[in-house]
Amino acid sequence: MNTAGIIHQTAARTDTEAPIFVAPEWKLVWWKFRKHKVALISGIIIVFIYLVAALVEFLAPFSPTATNSKYLYAPPQPLQFDGGLFVSGYTSTVDKAALRRIFVVDPTQKIQVGFFVKGIPYKWFGVLPSDRHLFGPVDPTQPMYLLGADRLGRDLLSRLIYGTRISMSIGLIGVFFSLLLGIVLGGISGFYGGMVDTLIQRTIELVRSIPQIPLWMGLSAALTFSISPVQTYFAITVILSLLAWPDLARAVRGRFLSLRTEDFVMAARLDGASQWRIIFRHMLPAFYSHIIATLTLTIPSMILAETALSFLGLGLREPVVSWGVLLQDAQDIRSIATAPWLLIPTLAVVIAVLALNFFGDGLRDAADPYAR
């Protein structure tokens, strides 16, 4: 190859790489993250799940507490199309040996399903009143159980949608508290060192040495039924946060120990910047992408912890609706044999946790945009 060709290729490569050299860090992270297709799809799924959590009143066709004694353990009705959406009605018989009602989907009965139908009144974000729902039966007196009914004749789909808000918000609120504790205590430990570092690290080791299951059982005994569901919700959130902050604090401490001797930190000190300004203005932004990646991997563990606690009866209880509370009905093998659709909330937990994990992995890889 002649010299002119080499010069031309070098100039073309320089023109291609030039934007990388001057791009801000967030853009470098985005360029690398969008190449991770699984993480990108997982991010879209996460956005969809949180949109469902924000719009539960509009998306759920029925109230999560509305019962109907005529349709206990009614099976799912498949959604069909024949000139319009509809579901087939039920024909029921009584099993005298088992002393329970048996439902059979009857294709001769057509229950019309429409969009933006009227239903139970609610308030958009607790402010604007409305009674429109995304979909539902045109005749609200007709049964529609797309995912089946539970032991009290409640619509499982509506309860699953309402449970999304509780289960997903516990992860976000819990991560916020653990982020606050982890950054503050980890930053102080890594920046100051000495006796302060020793005291914080011994506290972290003490918290990490406490077995979680006995702790959960003890705290569950302390959370009596006399407190309100809202108080129970915040108590569970705080408990999960207090158990999750040590890992983040350790990560922040390690980064602070490596950054406090860097030139830009020394320059900020010589310029007269206060210690808190050095921590929050100069040191934290140097690895905020790593913190975000760590938090996205922490949310799934909190969701699983809440689901496990509620499933075992140690966490949230009725009338609060979460995925773990919904799975309480699936504890009995007889209930599962009678109504296997009660295990559907498990699928929601698996999808949310996998999406958050894949998203966190992709974000963690993209957090270091210069790595190959």
# chains A, B, ... in the order shown; residues from 1 in each chain; ligands from 1
$ residues_around --residues "Thr67 of chain A" --least-positions-apart "2" --cutoff "8 Å" --atoms "only C-alpha atoms" --output "list in words"
Thr65, Ser69, Leu152, Gly153 and Arg154 of chain A
$ write_last_selection --atoms "N, CA and C atoms" --output "short mmCIF file (atom, residue, chain, number, x, y, z; two decimals), in the first residue's frame"
data_model
loop_
_atom_site.label_atom_id
_atom_site.label_comp_id
_atom_site.auth_asym_id
_atom_site.auth_seq_id
_atom_site.Cartn_x
_atom_site.Cartn_y
_atom_site.Cartn_z
N THR A 65 -59.82 -5.61 45.43
CA THR A 65 -60.51 -6.16 46.60
C THR A 65 -61.95 -6.57 46.30
N SER A 69 -68.71 -14.20 45.14
CA SER A 69 -68.85 -15.57 45.63
C SER A 69 -69.33 -16.55 44.55
N LEU A 152 -61.50 -16.02 46.65
CA LEU A 152 -62.61 -15.14 47.00
C LEU A 152 -63.31 -14.58 45.77
N GLY A 153 -62.98 -15.09 44.59
CA GLY A 153 -63.60 -14.60 43.37
C GLY A 153 -63.05 -13.26 42.91
N ARG A 154 -61.83 -12.90 43.34
CA ARG A 154 -61.21 -11.65 42.92
C ARG A 154 -60.43 -11.86 41.62
#
$ residues_around --residues "segment 36-52 of chain A" --least-positions-apart "3" --cutoff "8 Å" --atoms "only C-alpha atoms" --output "short mmCIF file (atom, residue, chain, number, x, y, z; two decimals) with C-alpha atoms, in the first residue's frame"
data_model
loop_
_atom_site.label_atom_id
_atom_site.label_comp_id
_atom_site.auth_asym_id
_atom_site.auth_seq_id
_atom_site.Cartn_x
_atom_site.Cartn_y
_atom_site.Cartn_z
CA LYS A 32 -21.61 1.24 24.51
CA PHE A 33 -24.84 0.32 26.31
CA LEU A 55 -51.04 3.61 35.90
CA VAL A 56 -52.51 0.67 37.83
CA LEU A 59 -54.98 -0.45 33.51
CA ILE A 161 -51.39 -5.13 38.14
CA THR A 164 -46.74 -4.35 40.51
CA ARG A 165 -46.82 -0.94 42.19
CA MET A 168 -41.51 -2.50 42.29
CA ALA A 352 -38.88 -8.33 36.51
CA ALA A 355 -34.86 -7.81 33.22
CA LEU A 356 -33.28 -5.84 36.06
CA PHE A 358 -29.66 -8.09 32.47
CA PHE A 359 -30.10 -4.32 32.48
CA GLY A 360 -27.67 -4.00 35.40
CA ASP A 361 -25.10 -6.23 33.72
CA GLY A 362 -25.24 -4.17 30.54
CA LEU A 363 -25.01 -0.92 32.47
#
$ atom_distance --atom1 "atom CA of Ala308 of chain A" --atom2 "atom CA of Phe234 of chain A"
16.6 Å
$ residues_around --residues "Ser310 of chain A" --least-positions-apart "6" --cutoff "8 Å" --atoms "only C-alpha atoms" --output "list in words"
Leu316, Arg317, Gly324, Val325 and Gln328 of chain A
$ write_last_selection --atoms "C-alpha atoms" --output "mmCIF file, in the first residue's frame"
data_model
loop_
_atom_site.group_PDB
_atom_site.id
_atom_site.type_symbol
_atom_site.label_atom_id
_atom_site.label_comp_id
_atom_site.auth_asym_id
_atom_site.auth_seq_id
_atom_site.Cartn_x
_atom_site.Cartn_y
_atom_site.Cartn_z
ATOM 1 C CA LEU A 316 -46.808 -7.441 53.837
ATOM 2 C CA ARG A 317 -50.288 -8.753 54.568
ATOM 3 C CA GLY A 324 -45.551 -11.931 47.459
ATOM 4 C CA VAL A 325 -49.013 -11.509 48.997
ATOM 5 C CA GLN A 328 -49.602 -16.738 49.610
#
$ residues_around --residues "segment 104-109 of chain A" --least-positions-apart "5" --cutoff "9 Å" --atoms "only C-alpha atoms" --output "ChimeraX atom specification"
/A:74-77,87-93
$ closest_residue --among "A:Pro129, A:Val320, A:Asp332, A:Leu304" --to "Pro229 of chain A" --atoms "only C-alpha atoms"
A:Val320
$ closest_residue --among "A:Leu295, A:Arg260, A:Ala339, A:Asp139" --to "Asn357 of chain A" --atoms "only C-alpha atoms"
A:Leu295
$ residues_around --residues "Gln112 of chain A" --least-positions-apart "4" --cutoff "12 Å" --atoms "only C-alpha atoms" --output "compact mmCIF listing (two decimals) with N, CA and C atoms, in the first residue's frame"
# COMPACT_ATOMS: atom_id res chain seq x y z
N LEU A 79 -59.01 -14.44 25.63
CA LEU A 79 -59.51 -13.31 24.87
C LEU A 79 -59.61 -13.70 23.40
N GLN A 80 -60.75 -13.47 22.77
CA GLN A 80 -60.98 -13.90 21.39
C GLN A 80 -61.46 -12.71 20.56
N PHE A 81 -61.38 -12.91 19.23
CA PHE A 81 -61.79 -11.84 18.31
C PHE A 81 -62.71 -12.42 17.23
N ASP A 82 -63.86 -11.81 17.08
CA ASP A 82 -64.82 -12.20 16.04
C ASP A 82 -65.67 -10.98 15.72
N GLY A 83 -65.08 -10.08 14.94
CA GLY A 83 -65.75 -8.81 14.68
C GLY A 83 -65.60 -7.84 15.84
N GLY A 84 -65.01 -8.28 16.92
CA GLY A 84 -64.79 -7.51 18.14
C GLY A 84 -64.23 -8.41 19.21
N LEU A 85 -63.65 -7.84 20.21
CA LEU A 85 -63.07 -8.63 21.29
C LEU A 85 -64.17 -9.15 22.21
N PHE A 86 -64.00 -10.39 22.66
CA PHE A 86 -64.95 -10.97 23.60
C PHE A 86 -64.27 -12.12 24.35
N VAL A 87 -64.90 -12.51 25.46
CA VAL A 87 -64.51 -13.71 26.19
C VAL A 87 -65.74 -14.58 26.34
N SER A 88 -65.51 -15.86 26.45
CA SER A 88 -66.62 -16.80 26.64
C SER A 88 -67.04 -16.83 28.09
N GLY A 89 -68.34 -17.00 28.32
CA GLY A 89 -68.86 -17.07 29.68
C GLY A 89 -68.61 -18.42 30.32
N VAL A 117 -63.59 1.65 28.77
CA VAL A 117 -64.93 1.43 29.29
C VAL A 117 -65.04 2.04 30.68
N PHE A 135 -59.39 -1.31 29.45
CA PHE A 135 -60.23 -2.35 28.85
C PHE A 135 -61.07 -2.97 29.96
N GLY A 136 -62.09 -3.70 29.54
CA GLY A 136 -62.99 -4.34 30.49
C GLY A 136 -64.25 -4.79 29.79
N PRO A 137 -65.13 -5.50 30.49
CA PRO A 137 -66.40 -5.91 29.87
C PRO A 137 -67.29 -4.71 29.61
N VAL A 138 -67.95 -4.73 28.46
CA VAL A 138 -68.86 -3.64 28.14
C VAL A 138 -70.00 -3.59 29.16
N ASP A 139 -70.48 -4.75 29.56
CA ASP A 139 -71.47 -4.86 30.63
C ASP A 139 -70.73 -5.21 31.91
N PRO A 140 -70.59 -4.26 32.84
CA PRO A 140 -69.78 -4.52 34.04
C PRO A 140 -70.34 -5.60 34.95
N THR A 141 -71.58 -6.02 34.72
CA THR A 141 -72.15 -7.09 35.55
C THR A 141 -71.71 -8.48 35.07
N GLN A 142 -71.12 -8.56 33.88
CA GLN A 142 -70.69 -9.83 33.33
C GLN A 142 -69.28 -10.17 33.84
N PRO A 143 -68.99 -11.47 34.02
CA PRO A 143 -67.67 -11.84 34.54
C PRO A 143 -66.59 -11.78 33.45
N MET A 144 -65.41 -11.31 33.83
CA MET A 144 -64.25 -11.33 32.94
C MET A 144 -63.01 -11.60 33.79
$ closest_residue --among "A:Ser167, A:Thr203, A:Thr298, A:Thr346" --to "Ser322 of chain A" --atoms "only C-alpha atoms"
A:Ser167
$ residues_around --residues "Ala305 of chain A" --least-positions-apart "6" --cutoff "12 Å" --atoms "only C-alpha atoms" --output "PyMOL selection string"
chain A and resi 167-168+170-171+174+212-213+216+236-237+239-241+243-244+298-299+311-312+314-316+323-324+349+353
$ closest_atom_pairs --of "segment 72-185 of chain A" --to "segment 249-254 of chain A" --cutoff "7 Å" --atoms "only C-alpha atoms" --output "JSON lines"
{"residue": "A:Gly182", "atom": "CA", "partner": "A:Ala249", "partner_atom": "CA", "distance": 4.0}
{"residue": "A:Ile183", "atom": "CA", "partner": "A:Ala249", "partner_atom": "CA", "distance": 6.0}
{"residue": "A:Leu185", "atom": "CA", "partner": "A:Ala249", "partner_atom": "CA", "distance": 6.3}
$ write_last_selection --atoms "C-alpha atoms" --output "compact mmCIF listing (two decimals), in the first residue's frame"
# COMPACT_ATOMS: atom_id res chain seq x y z
CA GLY A 182 -23.94 3.62 51.43
CA ILE A 183 -22.62 6.81 49.82
CA LEU A 185 -20.93 6.23 55.27
$ residues_around --residues "Leu156 of chain A" --least-positions-apart "6" --cutoff "9 Å" --atoms "only C-alpha atoms" --output "VMD selection string"
chain A and resid 64 145 to 150 326 341 to 342 344 to 345
$ write_last_selection --atoms "C-alpha atoms" --output "mmCIF file, in the first residue's frame"
data_model
loop_
_atom_site.group_PDB
_atom_site.id
_atom_site.type_symbol
_atom_site.label_atom_id
_atom_site.label_comp_id
_atom_site.auth_asym_id
_atom_site.auth_seq_id
_atom_site.Cartn_x
_atom_site.Cartn_y
_atom_site.Cartn_z
ATOM 1 C CA PRO A 64 -58.216 -5.651 43.602
ATOM 2 C CA TYR A 145 -61.295 -13.213 34.426
ATOM 3 C CA LEU A 146 -58.493 -13.192 31.855
ATOM 4 C CA LEU A 147 -56.063 -14.770 34.350
ATOM 5 C CA GLY A 148 -58.669 -16.518 36.478
ATOM 6 C CA ALA A 149 -60.059 -15.807 39.928
ATOM 7 C CA ASP A 150 -58.748 -16.571 43.400
ATOM 8 C CA LEU A 326 -50.582 -12.968 45.845
ATOM 9 C CA TRP A 341 -53.183 -20.004 37.582
ATOM 10 C CA LEU A 342 -52.471 -18.754 41.102
ATOM 11 C CA ILE A 344 -48.895 -16.612 37.513
ATOM 12 C CA PRO A 345 -47.433 -13.910 39.856
#
$ closest_residue --among "A:Glu306, A:Asp197, A:Asp155, A:Asp263" --to "Ala235 of chain A" --atoms "only C-alpha atoms"
A:Glu306
$ select_by_dssp --residues "segment 249-346 of chain A" --states "alpha helix (DSSP H)" --output "number ranges by chain"
A: 249-259, 263-270, 275-277, 288-311, 323-327, 333-338, 344-346
$ select_by_dssp --residues "segment 90-244 of chain A" --states "strand (DSSP E)" --output "compact mmCIF listing (two decimals) with N, CA and C atoms, in the first residue's frame"
# COMPACT_ATOMS: atom_id res chain seq x y z
N TYR A 90 -69.22 -18.63 31.49
CA TYR A 90 -69.03 -19.85 32.25
C TYR A 90 -70.33 -20.64 32.34
N THR A 91 -70.14 -21.95 32.41
CA THR A 91 -71.20 -22.86 32.83
C THR A 91 -70.67 -23.60 34.05
N SER A 92 -71.43 -23.57 35.11
CA SER A 92 -70.93 -24.13 36.37
C SER A 92 -71.82 -25.27 36.84
N THR A 93 -71.16 -26.23 37.48
CA THR A 93 -71.85 -27.34 38.14
C THR A 93 -71.25 -27.51 39.52
N VAL A 94 -71.98 -28.19 40.39
CA VAL A 94 -71.51 -28.42 41.76
C VAL A 94 -71.05 -29.86 41.90
N ASP A 95 -69.79 -30.01 42.30
CA ASP A 95 -69.25 -31.35 42.56
C ASP A 95 -69.62 -31.70 44.00
N ARG A 100 -67.50 -28.43 45.91
CA ARG A 100 -67.03 -27.19 45.29
C ARG A 100 -67.65 -27.04 43.91
N ARG A 101 -67.65 -25.81 43.44
CA ARG A 101 -68.23 -25.49 42.15
C ARG A 101 -67.17 -25.67 41.06
N ILE A 102 -67.55 -26.30 39.97
CA ILE A 102 -66.66 -26.53 38.84
C ILE A 102 -67.13 -25.67 37.67
N PHE A 103 -66.19 -24.89 37.13
CA PHE A 103 -66.51 -23.98 36.02
C PHE A 103 -65.97 -24.55 34.72
N VAL A 104 -66.76 -24.38 33.66
CA VAL A 104 -66.35 -24.75 32.31
C VAL A 104 -66.62 -23.55 31.42
N VAL A 105 -65.61 -23.16 30.64
CA VAL A 105 -65.78 -22.03 29.73
C VAL A 105 -66.76 -22.43 28.63
N ASP A 106 -67.83 -21.65 28.48
CA ASP A 106 -68.90 -21.94 27.53
C ASP A 106 -68.77 -21.04 26.31
N PRO A 107 -68.35 -21.60 25.16
CA PRO A 107 -68.16 -20.75 23.96
C PRO A 107 -69.46 -20.19 23.40
N THR A 108 -70.61 -20.70 23.84
CA THR A 108 -71.87 -20.17 23.31
C THR A 108 -72.22 -18.83 23.95
N GLN A 109 -71.59 -18.50 25.09
CA GLN A 109 -71.82 -17.22 25.74
C GLN A 109 -70.69 -16.26 25.36
N LYS A 110 -71.03 -15.14 24.81
CA LYS A 110 -70.04 -14.15 24.41
C LYS A 110 -70.20 -12.89 25.26
N ILE A 111 -69.15 -12.54 25.95
CA ILE A 111 -69.12 -11.33 26.79
C ILE A 111 -68.24 -10.31 26.07
N GLN A 112 -68.84 -9.23 25.58
CA GLN A 112 -68.10 -8.24 24.81
C GLN A 112 -67.11 -7.49 25.69
N VAL A 113 -65.92 -7.30 25.13
CA VAL A 113 -64.84 -6.57 25.82
C VAL A 113 -64.53 -5.33 25.01
N GLY A 114 -64.47 -4.19 25.68
CA GLY A 114 -64.19 -2.93 25.00
C GLY A 114 -63.02 -2.18 25.63
N PHE A 115 -62.62 -1.13 24.96
CA PHE A 115 -61.54 -0.27 25.44
C PHE A 115 -62.13 1.03 25.97
N PHE A 116 -61.45 1.57 26.98
CA PHE A 116 -61.85 2.83 27.61
C PHE A 116 -63.30 2.76 28.09
N VAL A 117 -63.59 1.65 28.77
CA VAL A 117 -64.93 1.43 29.29
C VAL A 117 -65.04 2.04 30.68
N LYS A 118 -66.28 2.23 31.12
CA LYS A 118 -66.52 2.75 32.45
C LYS A 118 -66.39 1.63 33.48
N GLY A 119 -65.86 1.99 34.64
CA GLY A 119 -65.69 1.02 35.71
C GLY A 119 -65.69 1.72 37.06
N ILE A 120 -64.98 1.15 38.01
CA ILE A 120 -64.92 1.74 39.34
C ILE A 120 -64.23 3.10 39.27
N PRO A 121 -64.73 4.10 39.98
CA PRO A 121 -64.09 5.42 39.95
C PRO A 121 -62.75 5.40 40.68
N TYR A 122 -61.85 6.25 40.24
CA TYR A 122 -60.52 6.39 40.85
C TYR A 122 -60.02 7.79 40.57
N LYS A 123 -58.83 8.11 41.04
CA LYS A 123 -58.22 9.42 40.80
C LYS A 123 -56.85 9.22 40.18
N TRP A 124 -56.61 9.94 39.07
CA TRP A 124 -55.30 9.90 38.44
C TRP A 124 -54.28 10.51 39.39
N LEU A 128 -56.89 13.74 39.89
CA LEU A 128 -57.94 13.90 38.89
C LEU A 128 -58.90 12.71 38.91
N PRO A 129 -60.19 12.95 39.18
CA PRO A 129 -61.14 11.82 39.23
C PRO A 129 -61.46 11.31 37.83
N SER A 130 -61.67 10.00 37.74
CA SER A 130 -62.03 9.36 36.47
C SER A 130 -62.65 8.01 36.77
N ASP A 131 -63.36 7.48 35.77
CA ASP A 131 -63.91 6.13 35.90
C ASP A 131 -63.65 5.31 34.64
N ARG A 132 -62.74 5.78 33.78
CA ARG A 132 -62.41 5.07 32.55
C ARG A 132 -61.24 4.12 32.78
N HIS A 133 -61.38 2.92 32.22
CA HIS A 133 -60.33 1.91 32.30
C HIS A 133 -59.91 1.51 30.89
N LEU A 134 -58.67 1.08 30.75
CA LEU A 134 -58.14 0.76 29.43
C LEU A 134 -58.99 -0.29 28.72
N PHE A 135 -59.39 -1.31 29.45
CA PHE A 135 -60.23 -2.35 28.85
C PHE A 135 -61.07 -2.97 29.96
N GLY A 136 -62.09 -3.70 29.54
CA GLY A 136 -62.99 -4.34 30.49
C GLY A 136 -64.25 -4.79 29.79
N PRO A 137 -65.13 -5.50 30.49
CA PRO A 137 -66.40 -5.91 29.87
C PRO A 137 -67.29 -4.71 29.61
$ decode --residues "segment 243-261 of chain A" --atoms "N, CA and C atoms" --output "mmCIF file, in the first residue's frame"
data_model
loop_
_atom_site.group_PDB
_atom_site.id
_atom_site.type_symbol
_atom_site.label_atom_id
_atom_site.label_comp_id
_atom_site.auth_asym_id
_atom_site.auth_seq_id
_atom_site.Cartn_x
_atom_site.Cartn_y
_atom_site.Cartn_z
ATOM 1 N N LEU A 243 -30.360 -3.726 55.504
ATOM 2 C CA LEU A 243 -29.591 -4.940 55.205
ATOM 3 C C LEU A 243 -28.818 -4.825 53.899
ATOM 4 N N ALA A 244 -29.129 -3.812 53.056
ATOM 5 C CA ALA A 244 -28.528 -3.741 51.723
ATOM 6 C C ALA A 244 -27.410 -2.708 51.608
ATOM 7 N N TRP A 245 -27.312 -1.747 52.546
ATOM 8 C CA TRP A 245 -26.353 -0.663 52.364
ATOM 9 C C TRP A 245 -24.888 -1.061 52.549
ATOM 10 N N PRO A 246 -24.526 -2.089 53.337
ATOM 11 C CA PRO A 246 -23.093 -2.369 53.535
ATOM 12 C C PRO A 246 -22.327 -2.678 52.252
ATOM 13 N N ASP A 247 -22.930 -3.401 51.299
ATOM 14 C CA ASP A 247 -22.218 -3.732 50.068
ATOM 15 C C ASP A 247 -21.884 -2.477 49.262
ATOM 16 N N LEU A 248 -22.850 -1.568 49.156
ATOM 17 C CA LEU A 248 -22.588 -0.323 48.440
ATOM 18 C C LEU A 248 -21.559 0.521 49.179
ATOM 19 N N ALA A 249 -21.631 0.552 50.501
ATOM 20 C CA ALA A 249 -20.658 1.321 51.277
ATOM 21 C C ALA A 249 -19.237 0.798 51.069
ATOM 22 N N ARG A 250 -19.083 -0.525 50.989
ATOM 23 C CA ARG A 250 -17.770 -1.107 50.729
ATOM 24 C C ARG A 250 -17.245 -0.685 49.356
ATOM 25 N N ALA A 251 -18.126 -0.711 48.349
ATOM 26 C CA ALA A 251 -17.711 -0.330 47.000
ATOM 27 C C ALA A 251 -17.313 1.148 46.943
ATOM 28 N N VAL A 252 -18.101 2.015 47.584
ATOM 29 C CA VAL A 252 -17.797 3.450 47.599
ATOM 30 C C VAL A 252 -16.488 3.701 48.342
ATOM 31 N N ARG A 253 -16.276 3.020 49.455
ATOM 32 C CA ARG A 253 -15.034 3.190 50.218
ATOM 33 C C ARG A 253 -13.819 2.834 49.369
ATOM 34 N N GLY A 254 -13.895 1.716 48.656
ATOM 35 C CA GLY A 254 -12.763 1.314 47.831
ATOM 36 C C GLY A 254 -12.443 2.332 46.756
ATOM 37 N N ARG A 255 -13.479 2.892 46.135
ATOM 38 C CA ARG A 255 -13.246 3.898 45.106
ATOM 39 C C ARG A 255 -12.674 5.178 45.702
ATOM 40 N N PHE A 256 -13.125 5.556 46.881
ATOM 41 C CA PHE A 256 -12.620 6.775 47.518
ATOM 42 C C PHE A 256 -11.150 6.605 47.912
ATOM 43 N N LEU A 257 -10.792 5.426 48.379
ATOM 44 C CA LEU A 257 -9.389 5.182 48.739
ATOM 45 C C LEU A 257 -8.478 5.312 47.529
ATOM 46 N N SER A 258 -8.965 4.915 46.361
ATOM 47 C CA SER A 258 -8.134 5.002 45.164
ATOM 48 C C SER A 258 -8.138 6.397 44.550
ATOM 49 N N LEU A 259 -9.179 7.205 44.829
ATOM 50 C CA LEU A 259 -9.292 8.521 44.208
ATOM 51 C C LEU A 259 -8.736 9.654 45.058
ATOM 52 N N ARG A 260 -8.626 9.468 46.355
ATOM 53 C CA ARG A 260 -8.284 10.601 47.211
ATOM 54 C C ARG A 260 -6.851 11.091 47.005
ATOM 55 N N THR A 261 -6.011 10.297 46.349
ATOM 56 C CA THR A 261 -4.646 10.730 46.059
ATOM 57 C C THR A 261 -4.461 11.135 44.599
#
